[in-house]
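What follows is the content of query20.pdb, which has PDB, C-alpha atoms and all ligand atoms:
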ATOM      1  CA  MET A 218     -17.860  -7.159   0.573
ATOM      2  CA  THR A 219     -15.041  -4.756  -0.188
ATOM      3  CA  ARG A 220     -11.506  -6.114  -0.421
ATOM      4  CA  LEU A 221      -9.274  -3.607  -2.046
ATOM      5  CA  ILE A 222      -5.567  -3.200  -2.703
ATOM      6  CA  PHE A 223      -4.180   0.252  -3.387
ATOM      7  CA  LEU A 224      -1.229   0.564  -5.749
ATOM      8  CA  GLY A 225       0.566   3.735  -6.745
ATOM      9  CA  PRO A 226       3.806   5.607  -6.201
ATOM     10  CA  PRO A 227       4.679   7.194  -2.848
ATOM     11  CA  GLY A 228       2.736  10.426  -2.629
ATOM     12  CA  ALA A 229      -0.088   9.242  -4.880
ATOM     13  CA  GLY A 230      -2.553   9.783  -2.063
ATOM     14  CA  LYS A 231      -3.064   6.106  -1.273
ATOM     15  CA  GLY A 232      -3.125   6.622   2.481
ATOM     16  CA  THR A 233      -5.632   9.475   2.458
ATOM     17  CA  GLN A 234      -7.959   7.814  -0.013
ATOM     18  CA  ALA A 235      -7.695   4.381   1.569
ATOM     19  CA  LYS A 236      -8.586   5.831   4.965
ATOM     20  CA  THR A 237     -11.581   7.784   3.634
ATOM     21  CA  LEU A 238     -12.960   4.785   1.762
ATOM     22  CA  ALA A 239     -12.376   2.408   4.670
ATOM     23  CA  ASP A 240     -14.226   4.758   7.055
ATOM     24  CA  ASN A 241     -17.024   5.026   4.520
ATOM     25  CA  CYS A 242     -17.348   1.264   4.180
ATOM     26  CA  ASN A 243     -16.753   0.581   7.884
ATOM     27  CA  ILE A 244     -13.852  -1.739   7.239
ATOM     28  CA  PRO A 245     -10.237  -1.646   8.460
ATOM     29  CA  HIS A 246      -7.632   0.392   6.616
ATOM     30  CA  ILE A 247      -4.472  -1.713   6.757
ATOM     31  CA  SER A 248      -1.401   0.381   5.997
ATOM     32  CA  THR A 249       1.916  -1.453   6.260
ATOM     33  CA  GLY A 250       3.671   1.943   6.473
ATOM     34  CA  ASP A 251       1.504   2.915   9.483
ATOM     35  CA  ILE A 252       2.085  -0.444  11.180
ATOM     36  CA  LEU A 253       5.846  -0.072  10.675
ATOM     37  CA  ARG A 254       5.884   3.532  11.943
ATOM     38  CA  GLN A 255       3.973   2.469  15.065
ATOM     39  CA  ALA A 256       6.399  -0.430  15.624
ATOM     40  CA  MET A 257       9.387   1.916  15.235
ATOM     41  CA  LYS A 258       7.846   4.406  17.665
ATOM     42  CA  GLU A 259       7.324   1.657  20.230
ATOM     43  CA  GLN A 260      10.756   0.183  19.465
ATOM     44  CA  THR A 261       9.352  -3.333  19.156
ATOM     45  CA  ALA A 262      11.585  -6.067  17.716
ATOM     46  CA  LEU A 263       9.955  -5.501  14.318
ATOM     47  CA  GLY A 264      10.375  -1.734  14.609
ATOM     48  CA  ILE A 265      14.054  -2.008  15.435
ATOM     49  CA  LYS A 266      14.660  -4.339  12.476
ATOM     50  CA  ALA A 267      12.681  -2.114  10.072
ATOM     51  CA  GLN A 268      14.094   1.290  11.053
ATOM     52  CA  GLY A 269      17.220   1.402   8.876
ATOM     53  CA  TYR A 270      15.378   0.306   5.746
ATOM     54  CA  VAL A 271      12.587   2.860   6.178
ATOM     55  CA  ASP A 272      15.048   5.676   6.931
ATOM     56  CA  ARG A 273      16.986   4.913   3.740
ATOM     57  CA  GLY A 274      13.871   4.599   1.568
ATOM     58  CA  GLU A 275      14.519   0.891   0.999
ATOM     59  CA  LEU A 276      11.912  -1.829   1.253
ATOM     60  CA  VAL A 277      11.720  -3.728   4.516
ATOM     61  CA  PRO A 278      12.499  -7.420   3.754
ATOM     62  CA  ASP A 279       9.513  -9.356   2.406
ATOM     63  CA  LEU A 280       9.439 -11.893   5.229
ATOM     64  CA  LEU A 281       9.012  -9.198   7.877
ATOM     65  CA  VAL A 282       6.130  -7.403   6.167
ATOM     66  CA  GLN A 283       4.514 -10.659   5.082
ATOM     67  CA  ASP A 284       4.373 -11.778   8.704
ATOM     68  CA  MET A 285       2.789  -8.479   9.695
ATOM     69  CA  VAL A 286       0.098  -8.825   7.039
ATOM     70  CA  LEU A 287      -0.534 -12.457   7.920
ATOM     71  CA  GLU A 288      -1.134 -11.484  11.551
ATOM     72  CA  ARG A 289      -3.345  -8.560  10.608
ATOM     73  CA  LEU A 290      -5.561 -10.493   8.172
ATOM     74  CA  ARG A 291      -6.153 -13.134  10.810
ATOM     75  CA  GLN A 292      -7.928 -10.653  13.093
ATOM     76  CA  PRO A 293     -11.718 -11.004  13.204
ATOM     77  CA  ASP A 294     -12.382  -7.326  12.351
ATOM     78  CA  VAL A 295     -11.373  -8.005   8.721
ATOM     79  CA  ASN A 296     -14.409 -10.259   8.155
ATOM     80  CA  PRO A 297     -16.530  -7.542   6.493
ATOM     81  CA  GLY A 298     -13.626  -6.589   4.190
ATOM     82  CA  TRP A 299     -10.449  -4.512   4.197
ATOM     83  CA  ILE A 300      -8.344  -2.034   2.301
ATOM     84  CA  LEU A 301      -4.647  -2.802   1.956
ATOM     85  CA  ASP A 302      -2.440   0.248   1.497
ATOM     86  CA  GLY A 303       1.282  -0.209   0.848
ATOM     87  CA  PHE A 304       1.152  -3.978   0.422
ATOM     88  CA  PRO A 305       2.023  -5.789  -1.770
ATOM     89  CA  ARG A 306       5.046  -3.805  -2.949
ATOM     90  CA  THR A 307       6.924  -6.588  -4.743
ATOM     91  CA  VAL A 308       5.868  -9.434  -7.027
ATOM     92  CA  ASN A 309       7.055 -11.790  -4.317
ATOM     93  CA  GLN A 310       4.717 -10.158  -1.786
ATOM     94  CA  ALA A 311       1.880 -10.331  -4.322
ATOM     95  CA  SER A 312       2.213 -14.080  -4.803
ATOM     96  CA  PHE A 313       2.465 -14.540  -1.027
ATOM     97  CA  LEU A 314      -0.777 -12.567  -0.701
ATOM     98  CA  GLU A 315      -2.544 -14.675  -3.336
ATOM     99  CA  GLU A 316      -1.838 -17.815  -1.360
ATOM    100  CA  LEU A 317      -2.663 -16.236   1.969
ATOM    101  CA  LEU A 318      -6.039 -14.975   0.761
ATOM    102  CA  GLN A 319      -6.892 -18.401  -0.592
ATOM    103  CA  ASP A 320      -5.961 -20.012   2.726
ATOM    104  CA  LEU A 321      -8.058 -17.471   4.627
ATOM    105  CA  ASN A 322     -10.997 -17.714   2.204
ATOM    106  CA  GLN A 323     -10.697 -14.001   1.514
ATOM    107  CA  ASP A 324     -10.436 -14.201  -2.237
ATOM    108  CA  SER A 325     -12.105 -11.907  -4.796
ATOM    109  CA  LYS A 326     -10.323  -8.650  -4.299
ATOM    110  CA  LYS A 327      -9.894  -5.633  -6.531
ATOM    111  CA  VAL A 328      -6.732  -3.667  -7.158
ATOM    112  CA  VAL A 329      -6.764   0.066  -7.736
ATOM    113  CA  ASN A 330      -3.839   1.855  -9.325
ATOM    114  CA  LEU A 331      -3.758   5.536  -8.405
ATOM    115  CA  GLU A 332      -1.957   7.233 -11.292
ATOM    116  CA  VAL A 333      -0.042  10.425 -10.579
ATOM    117  CA  PRO A 334       2.780  11.984 -12.664
ATOM    118  CA  ASP A 335       6.305  11.916 -11.188
ATOM    119  CA  ASP A 336       6.743  15.674 -10.740
ATOM    120  CA  VAL A 337       3.462  15.927  -8.821
ATOM    121  CA  VAL A 338       4.525  13.087  -6.538
ATOM    122  CA  VAL A 339       7.829  14.751  -5.605
ATOM    123  CA  THR A 340       6.146  18.097  -4.860
ATOM    124  CA  ARG A 341       3.526  16.422  -2.683
ATOM    125  CA  LEU A 342       6.081  14.421  -0.694
ATOM    126  CA  LEU A 343       8.288  17.453  -0.081
ATOM    127  CA  GLU A 344       5.230  19.323   1.242
ATOM    128  CA  ARG A 345       4.255  16.413   3.504
ATOM    129  CA  GLY A 346       7.561  16.599   5.398
ATOM    130  CA  ARG A 347       7.552  13.199   7.121
ATOM    131  CA  LYS A 348      10.898  12.088   8.603
ATOM    132  CA  ASP A 349      11.579   9.893   5.543
ATOM    133  CA  ASP A 350      10.488  12.649   3.147
ATOM    134  CA  THR A 351      13.867  14.318   2.531
ATOM    135  CA  GLU A 352      14.725  14.813  -1.112
ATOM    136  CA  GLU A 353      17.366  12.094  -1.186
ATOM    137  CA  VAL A 354      15.167   9.482   0.491
ATOM    138  CA  ILE A 355      12.209  10.417  -1.721
ATOM    139  CA  ARG A 356      14.374   9.887  -4.810
ATOM    140  CA  ARG A 357      15.381   6.463  -3.525
ATOM    141  CA  ARG A 358      11.762   5.512  -2.696
ATOM    142  CA  LEU A 359      10.717   6.437  -6.235
ATOM    143  CA  GLU A 360      13.529   4.330  -7.738
ATOM    144  CA  VAL A 361      12.502   1.408  -5.577
ATOM    145  CA  TYR A 362       8.883   1.967  -6.592
ATOM    146  CA  ARG A 363       9.791   1.847 -10.280
ATOM    147  CA  SER A 364      11.929  -1.259 -10.093
ATOM    148  CA  GLU A 365      10.091  -3.294  -7.435
ATOM    149  CA  THR A 366       6.476  -2.123  -7.241
ATOM    150  CA  ALA A 367       5.500  -0.819 -10.696
ATOM    151  CA  PRO A 368       5.753  -4.379 -12.157
ATOM    152  CA  LEU A 369       2.651  -5.153 -10.076
ATOM    153  CA  ILE A 370       0.609  -3.037 -12.498
ATOM    154  CA  ASP A 371       1.248  -5.671 -15.190
ATOM    155  CA  TYR A 372       0.959  -8.494 -12.658
ATOM    156  CA  TYR A 373      -2.617  -7.516 -11.771
ATOM    157  CA  GLY A 374      -3.408  -6.250 -15.260
ATOM    158  CA  ASP A 375      -2.572  -9.679 -16.699
ATOM    159  CA  ARG A 376      -4.958 -11.201 -14.152
ATOM    160  CA  GLN A 377      -7.753  -8.769 -15.143
ATOM    161  CA  GLN A 378      -7.910  -7.430 -11.601
ATOM    162  CA  LEU A 379      -6.693  -3.893 -12.208
ATOM    163  CA  LEU A 380      -8.771  -0.731 -11.965
ATOM    164  CA  VAL A 381      -7.156   2.603 -12.817
ATOM    165  CA  VAL A 382      -8.000   5.922 -11.187
ATOM    166  CA  ASN A 383      -6.520   9.330 -11.978
ATOM    167  CA  GLY A 384      -4.928  10.467  -8.715
ATOM    168  CA  ASN A 385      -4.021  13.881 -10.113
ATOM    169  CA  GLN A 386      -7.316  15.563  -9.180
ATOM    170  CA  SER A 387      -8.733  17.094  -6.010
ATOM    171  CA  LEU A 388      -9.153  14.764  -3.020
ATOM    172  CA  GLU A 389     -12.932  14.826  -3.456
ATOM    173  CA  GLU A 390     -12.744  14.047  -7.154
ATOM    174  CA  VAL A 391     -10.431  11.096  -6.544
ATOM    175  CA  THR A 392     -12.724   9.743  -3.799
ATOM    176  CA  SER A 393     -15.789   9.935  -6.005
ATOM    177  CA  GLU A 394     -14.009   8.311  -8.961
ATOM    178  CA  LEU A 395     -12.811   5.551  -6.646
ATOM    179  CA  LYS A 396     -16.312   4.914  -5.359
ATOM    180  CA  LYS A 397     -17.544   4.609  -8.945
ATOM    181  CA  VAL A 398     -14.883   2.143 -10.076
ATOM    182  CA  ILE A 399     -15.052  -0.157  -7.061
ATOM    183  CA  VAL A 400     -18.756  -0.855  -7.475
ATOM    184  CA  SER A 401     -18.423  -1.350 -11.244
TER     185      SER A 401
HETATM  186  P1  LIG B 501       4.660   5.939   0.994
HETATM  187  O1  LIG B 501       3.181   5.998   0.780
HETATM  188  O2  LIG B 501       5.275   7.297   1.074
HETATM  189  O3  LIG B 501       5.363   5.006   0.072
HETATM  190  P2  LIG B 501       4.406   4.125   3.282
HETATM  191  O4  LIG B 501       3.872   4.697   4.539
HETATM  192  O5  LIG B 501       3.504   3.252   2.488
HETATM  193  O6  LIG B 501       4.946   5.362   2.437
HETATM  194  O7  LIG B 501       5.758   3.290   3.573
HETATM  195  C1  LIG B 501       6.849   3.874   4.247
HETATM  196  C2  LIG B 501       8.041   2.918   4.233
HETATM  197  O8  LIG B 501       7.697   1.694   4.929
HETATM  198  C3  LIG B 501       8.520   2.450   2.859
HETATM  199  O9  LIG B 501       9.401   3.375   2.260
HETATM  200  C4  LIG B 501       9.207   1.121   3.211
HETATM  201  O10 LIG B 501      10.487   1.337   3.766
HETATM  202  C5  LIG B 501       8.312   0.558   4.315
HETATM  203  N1  LIG B 501       7.251  -0.331   3.790
HETATM  204  C6  LIG B 501       5.918  -0.103   3.824
HETATM  205  N2  LIG B 501       5.235  -1.109   3.252
HETATM  206  C7  LIG B 501       6.152  -2.007   2.825
HETATM  207  C8  LIG B 501       6.099  -3.251   2.126
HETATM  208  N3  LIG B 501       4.932  -3.783   1.727
HETATM  209  N4  LIG B 501       7.268  -3.893   1.860
HETATM  210  C9  LIG B 501       8.440  -3.375   2.242
HETATM  211  N5  LIG B 501       8.573  -2.210   2.880
HETATM  212  C10 LIG B 501       7.446  -1.517   3.177
END
When written as structure tokens, how does the structure in this file appear?
Amino acid sequence: MTRLIFLGPPGAGKGTQAKTLADNCNIPHISTGDILRQAMKEQTALGIKAQGYVDRGELVPDLLVQDMVLERLRQPDVNPGWILDGFPRTVNQASFLEELLQDLNQDSKKVVNLEVPDDVVVTRLLERGRKDDTEEVIRRRLEVYRSETAPLIDYYGDRQQLLVVNGNQSLEEVTSELKKVIVS
């Protein structure tokens, strides 16, 4: 049973690694960023509400993303496990998730923090060139990461749930380190 949360700054490689591992383990890769981008593309009610926040590099309000995750974790395909990428991003979201997982009997998860230095992150994001990857928006996303999301490292560390992986290596090296730590 693999239930894994990926933490790390934007550009740490969470998405790529989460997808590879999820394919490997045959479990869903649940990316809140991907779900939001799909909703914005389809101009659903959620997408329309989220658009301005994403474009500015701000966090979408907790209640909106929490609802998304609640819906997603209720689907039967998550029974063999899941990898969450991009959620939780605030302490508030983390305590929501704790309760939700208890209610759904999906406890016993691990949290991986992908560590990458700031300068590497900025270079990677500028190369990626997504619509919300302009320099100004990247700077804002990093600020938001530091103030809202980085506190989760202590949150999970205090609960002895945190595993740390060096994200500043080749894709293959990160994948193999990840595989080692999640079975440990
Ligand atoms: P990155 O890996 O570059 O941070 P994501 O694809 O994970 O990008 O997220 C893109 C954007 O979607 C974020 O900047 C934010 O606006 C929104 N978003 C994604 N997940 C969450 C979340 N858990 N809470 C609030 N906003 C979110």
May I ask which of the residues A:Gly250, A:Gly374, A:Gly228, A:Gly264 is the closest one to A:Leu359, counting all atoms listed in the file?
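Looking at the shortest contact to A:Leu359, the residue is A:Gly228.
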Residues matched by the PyMOL selection byres (((not hetatm)) within 7 of (chain B and resi 501)), written as a PyMOL selection string:
chain A and resi 226-228+231-232+248-251+253+270-271+274-279+282+302-306+358
For stretch 312-325 of chain A, please output as number ranges by chain all residues within 10 Å (counting only C-alpha atoms; exclusion window: fewer than 5 positions along the same chain).
A: 218-221, 279-280, 283, 286-287, 290-291, 295-296, 298-299, 304-305, 307, 372, 378
Each side padded by 8 Å, which centre and which edge lengths in Å (one decimal) define the axis-aligned box around the listed atoms of stretch 331-335 of chain A? Give them as JSON.
{"center_x": 1.3, "center_y": 8.8, "center_z": -10.5, "size_x": 26.1, "size_y": 22.4, "size_z": 20.3}
Give me, please, the distance in Å between atom CA of A:Asp335 and atom CA of A:Gln386, quoted to one decimal.
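Computing the Euclidean distance for atom CA of A:Asp335 and atom CA of A:Gln386 yields 14.2 Å.
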Residues within 12 Å of A:Ser387, please, as a list in words. Count only C-alpha atoms; anything in the same chain fewer than 5 positions from it doesn't count.
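The contact residues come out as Ala229, Gly230, Thr233, Gln234, Val333, Thr392, Ser393 and Glu394 of chain A.
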Any idea what the distance is between atom CA of A:Ala267 and atom CA of A:Gly225?
21.5 Å
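As for atom CA of A:Val381 and atom CA of A:Ser401, they are spaced 12.0 Å apart.
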Quick one: residues within 8 Å of stretch 238-240 of chain A, only C-alpha atoms, excluding same-chain residues fewer than 2 positions away - as a ChimeraX atom specification?
/A:234-236,242-246,299-300,392,396
Would you pick out the contacts of A:Val382 at 8 Å or less, using all atoms listed in the file, so that residues sharing its chain but fewer than 4 positions from it are not included, and give the list as a PyMOL selection string?
chain A and resi 329-332+391+394-395+398
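Minimum distance to A:Asp350 across A:Val338, A:Ile370, A:Ala262, A:Val400 (counting all atoms listed in the file) occurs at A:Val338.
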For a quick check of understanding, using all atoms listed in the file, which of A:Pro297, A:Arg356, A:Lys348, A:Leu369 has the smallest distance to A:Gln310?
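Selected residue with least distance to A:Gln310: A:Leu369.
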Starting from the incomplete input, reconstruct all heavy atoms of stretch 322-333 of chain A and report them as a PDB file, in the coordinates of the input.
ATOM      1  N   ASN A 322      -9.699 -17.879   2.865  1.00  0.00           N
ATOM      2  CA  ASN A 322     -10.997 -17.714   2.204  1.00  0.00           C
ATOM      3  C   ASN A 322     -11.385 -16.255   2.041  1.00  0.00           C
ATOM      4  O   ASN A 322     -12.526 -15.873   2.261  1.00  0.00           O
ATOM      5  CB  ASN A 322     -12.100 -18.447   2.978  1.00  0.00           C
ATOM      6  CG  ASN A 322     -12.107 -19.909   2.637  1.00  0.00           C
ATOM      7  OD1 ASN A 322     -12.007 -20.276   1.455  1.00  0.00           O
ATOM      8  ND2 ASN A 322     -12.181 -20.742   3.659  1.00  0.00           N
ATOM      9  N   GLN A 323     -10.410 -15.430   1.702  1.00  0.00           N
ATOM     10  CA  GLN A 323     -10.697 -14.001   1.514  1.00  0.00           C
ATOM     11  C   GLN A 323     -10.386 -13.591   0.076  1.00  0.00           C
ATOM     12  O   GLN A 323      -9.842 -12.525  -0.172  1.00  0.00           O
ATOM     13  CB  GLN A 323      -9.871 -13.152   2.491  1.00  0.00           C
ATOM     14  CG  GLN A 323     -10.216 -13.382   3.942  1.00  0.00           C
ATOM     15  CD  GLN A 323      -9.454 -12.448   4.871  1.00  0.00           C
ATOM     16  OE1 GLN A 323      -9.010 -11.376   4.478  1.00  0.00           O
ATOM     17  NE2 GLN A 323      -9.315 -12.861   6.122  1.00  0.00           N
ATOM     18  N   ASP A 324     -10.749 -14.481  -0.840  1.00  0.00           N
ATOM     19  CA  ASP A 324     -10.436 -14.201  -2.237  1.00  0.00           C
ATOM     20  C   ASP A 324     -11.334 -13.096  -2.799  1.00  0.00           C
ATOM     21  O   ASP A 324     -12.072 -12.480  -2.075  1.00  0.00           O
ATOM     22  CB  ASP A 324     -10.555 -15.476  -3.062  1.00  0.00           C
ATOM     23  CG  ASP A 324      -9.204 -15.820  -3.656  1.00  0.00           C
ATOM     24  OD1 ASP A 324      -8.309 -14.976  -3.549  1.00  0.00           O
ATOM     25  OD2 ASP A 324      -9.052 -16.909  -4.225  1.00  0.00           O
ATOM     26  N   SER A 325     -11.287 -12.891  -4.090  1.00  0.00           N
ATOM     27  CA  SER A 325     -12.105 -11.907  -4.796  1.00  0.00           C
ATOM     28  C   SER A 325     -11.843 -10.490  -4.308  1.00  0.00           C
ATOM     29  O   SER A 325     -12.656  -9.873  -3.645  1.00  0.00           O
ATOM     30  CB  SER A 325     -13.600 -12.225  -4.706  1.00  0.00           C
ATOM     31  OG  SER A 325     -14.120 -11.876  -3.461  1.00  0.00           O
ATOM     32  N   LYS A 326     -10.693 -10.020  -4.638  1.00  0.00           N
ATOM     33  CA  LYS A 326     -10.323  -8.650  -4.299  1.00  0.00           C
ATOM     34  C   LYS A 326     -10.205  -7.824  -5.578  1.00  0.00           C
ATOM     35  O   LYS A 326     -10.164  -8.375  -6.674  1.00  0.00           O
ATOM     36  CB  LYS A 326      -8.986  -8.654  -3.598  1.00  0.00           C
ATOM     37  CG  LYS A 326      -7.945  -9.356  -4.455  1.00  0.00           C
ATOM     38  CD  LYS A 326      -6.575  -9.210  -3.941  1.00  0.00           C
ATOM     39  CE  LYS A 326      -5.521  -9.869  -4.800  1.00  0.00           C
ATOM     40  NZ  LYS A 326      -5.922 -10.645  -5.944  1.00  0.00           N
ATOM     41  N   LYS A 327     -10.176  -6.509  -5.399  1.00  0.00           N
ATOM     42  CA  LYS A 327      -9.894  -5.633  -6.531  1.00  0.00           C
ATOM     43  C   LYS A 327      -8.634  -4.833  -6.240  1.00  0.00           C
ATOM     44  O   LYS A 327      -8.294  -4.604  -5.087  1.00  0.00           O
ATOM     45  CB  LYS A 327     -11.058  -4.679  -6.764  1.00  0.00           C
ATOM     46  CG  LYS A 327     -12.258  -5.360  -7.371  1.00  0.00           C
ATOM     47  CD  LYS A 327     -13.392  -4.386  -7.545  1.00  0.00           C
ATOM     48  CE  LYS A 327     -14.598  -5.108  -8.166  1.00  0.00           C
ATOM     49  NZ  LYS A 327     -15.804  -4.292  -8.091  1.00  0.00           N
ATOM     50  N   VAL A 328      -7.969  -4.417  -7.305  1.00  0.00           N
ATOM     51  CA  VAL A 328      -6.732  -3.667  -7.158  1.00  0.00           C
ATOM     52  C   VAL A 328      -6.901  -2.320  -7.861  1.00  0.00           C
ATOM     53  O   VAL A 328      -7.318  -2.281  -9.015  1.00  0.00           O
ATOM     54  CB  VAL A 328      -5.547  -4.434  -7.793  1.00  0.00           C
ATOM     55  CG1 VAL A 328      -4.244  -3.698  -7.582  1.00  0.00           C
ATOM     56  CG2 VAL A 328      -5.459  -5.848  -7.225  1.00  0.00           C
ATOM     57  N   VAL A 329      -6.634  -1.260  -7.142  1.00  0.00           N
ATOM     58  CA  VAL A 329      -6.764   0.066  -7.736  1.00  0.00           C
ATOM     59  C   VAL A 329      -5.386   0.682  -7.911  1.00  0.00           C
ATOM     60  O   VAL A 329      -4.607   0.729  -6.955  1.00  0.00           O
ATOM     61  CB  VAL A 329      -7.580   1.007  -6.825  1.00  0.00           C
ATOM     62  CG1 VAL A 329      -7.629   2.406  -7.420  1.00  0.00           C
ATOM     63  CG2 VAL A 329      -8.981   0.475  -6.628  1.00  0.00           C
ATOM     64  N   ASN A 330      -5.086   1.135  -9.111  1.00  0.00           N
ATOM     65  CA  ASN A 330      -3.839   1.855  -9.325  1.00  0.00           C
ATOM     66  C   ASN A 330      -4.131   3.346  -9.394  1.00  0.00           C
ATOM     67  O   ASN A 330      -4.852   3.812 -10.258  1.00  0.00           O
ATOM     68  CB  ASN A 330      -3.178   1.390 -10.623  1.00  0.00           C
ATOM     69  CG  ASN A 330      -1.814   2.006 -10.797  1.00  0.00           C
ATOM     70  OD1 ASN A 330      -1.112   2.246  -9.801  1.00  0.00           O
ATOM     71  ND2 ASN A 330      -1.430   2.290 -12.025  1.00  0.00           N
ATOM     72  N   LEU A 331      -3.586   4.073  -8.424  1.00  0.00           N
ATOM     73  CA  LEU A 331      -3.758   5.536  -8.405  1.00  0.00           C
ATOM     74  C   LEU A 331      -2.641   6.153  -9.228  1.00  0.00           C
ATOM     75  O   LEU A 331      -1.480   6.148  -8.821  1.00  0.00           O
ATOM     76  CB  LEU A 331      -3.631   6.043  -6.969  1.00  0.00           C
ATOM     77  CG  LEU A 331      -4.890   6.283  -6.154  1.00  0.00           C
ATOM     78  CD1 LEU A 331      -4.532   6.990  -4.862  1.00  0.00           C
ATOM     79  CD2 LEU A 331      -5.918   7.084  -6.929  1.00  0.00           C
ATOM     80  N   GLU A 332      -2.972   6.691 -10.381  1.00  0.00           N
ATOM     81  CA  GLU A 332      -1.957   7.233 -11.292  1.00  0.00           C
ATOM     82  C   GLU A 332      -1.704   8.711 -11.033  1.00  0.00           C
ATOM     83  O   GLU A 332      -2.639   9.513 -11.049  1.00  0.00           O
ATOM     84  CB  GLU A 332      -2.422   7.056 -12.738  1.00  0.00           C
ATOM     85  CG  GLU A 332      -2.217   5.655 -13.249  1.00  0.00           C
ATOM     86  CD  GLU A 332      -2.469   5.551 -14.748  1.00  0.00           C
ATOM     87  OE1 GLU A 332      -3.172   6.409 -15.304  1.00  0.00           O
ATOM     88  OE2 GLU A 332      -1.973   4.594 -15.347  1.00  0.00           O
ATOM     89  N   VAL A 333      -0.437   9.032 -10.801  1.00  0.00           N
ATOM     90  CA  VAL A 333      -0.042  10.425 -10.579  1.00  0.00           C
ATOM     91  C   VAL A 333       1.316  10.643 -11.253  1.00  0.00           C
ATOM     92  O   VAL A 333       2.225   9.824 -11.091  1.00  0.00           O
ATOM     93  CB  VAL A 333       0.089  10.736  -9.062  1.00  0.00           C
ATOM     94  CG1 VAL A 333       0.524  12.157  -8.830  1.00  0.00           C
ATOM     95  CG2 VAL A 333      -1.223  10.471  -8.347  1.00  0.00           C
TER      96      VAL A 333
END
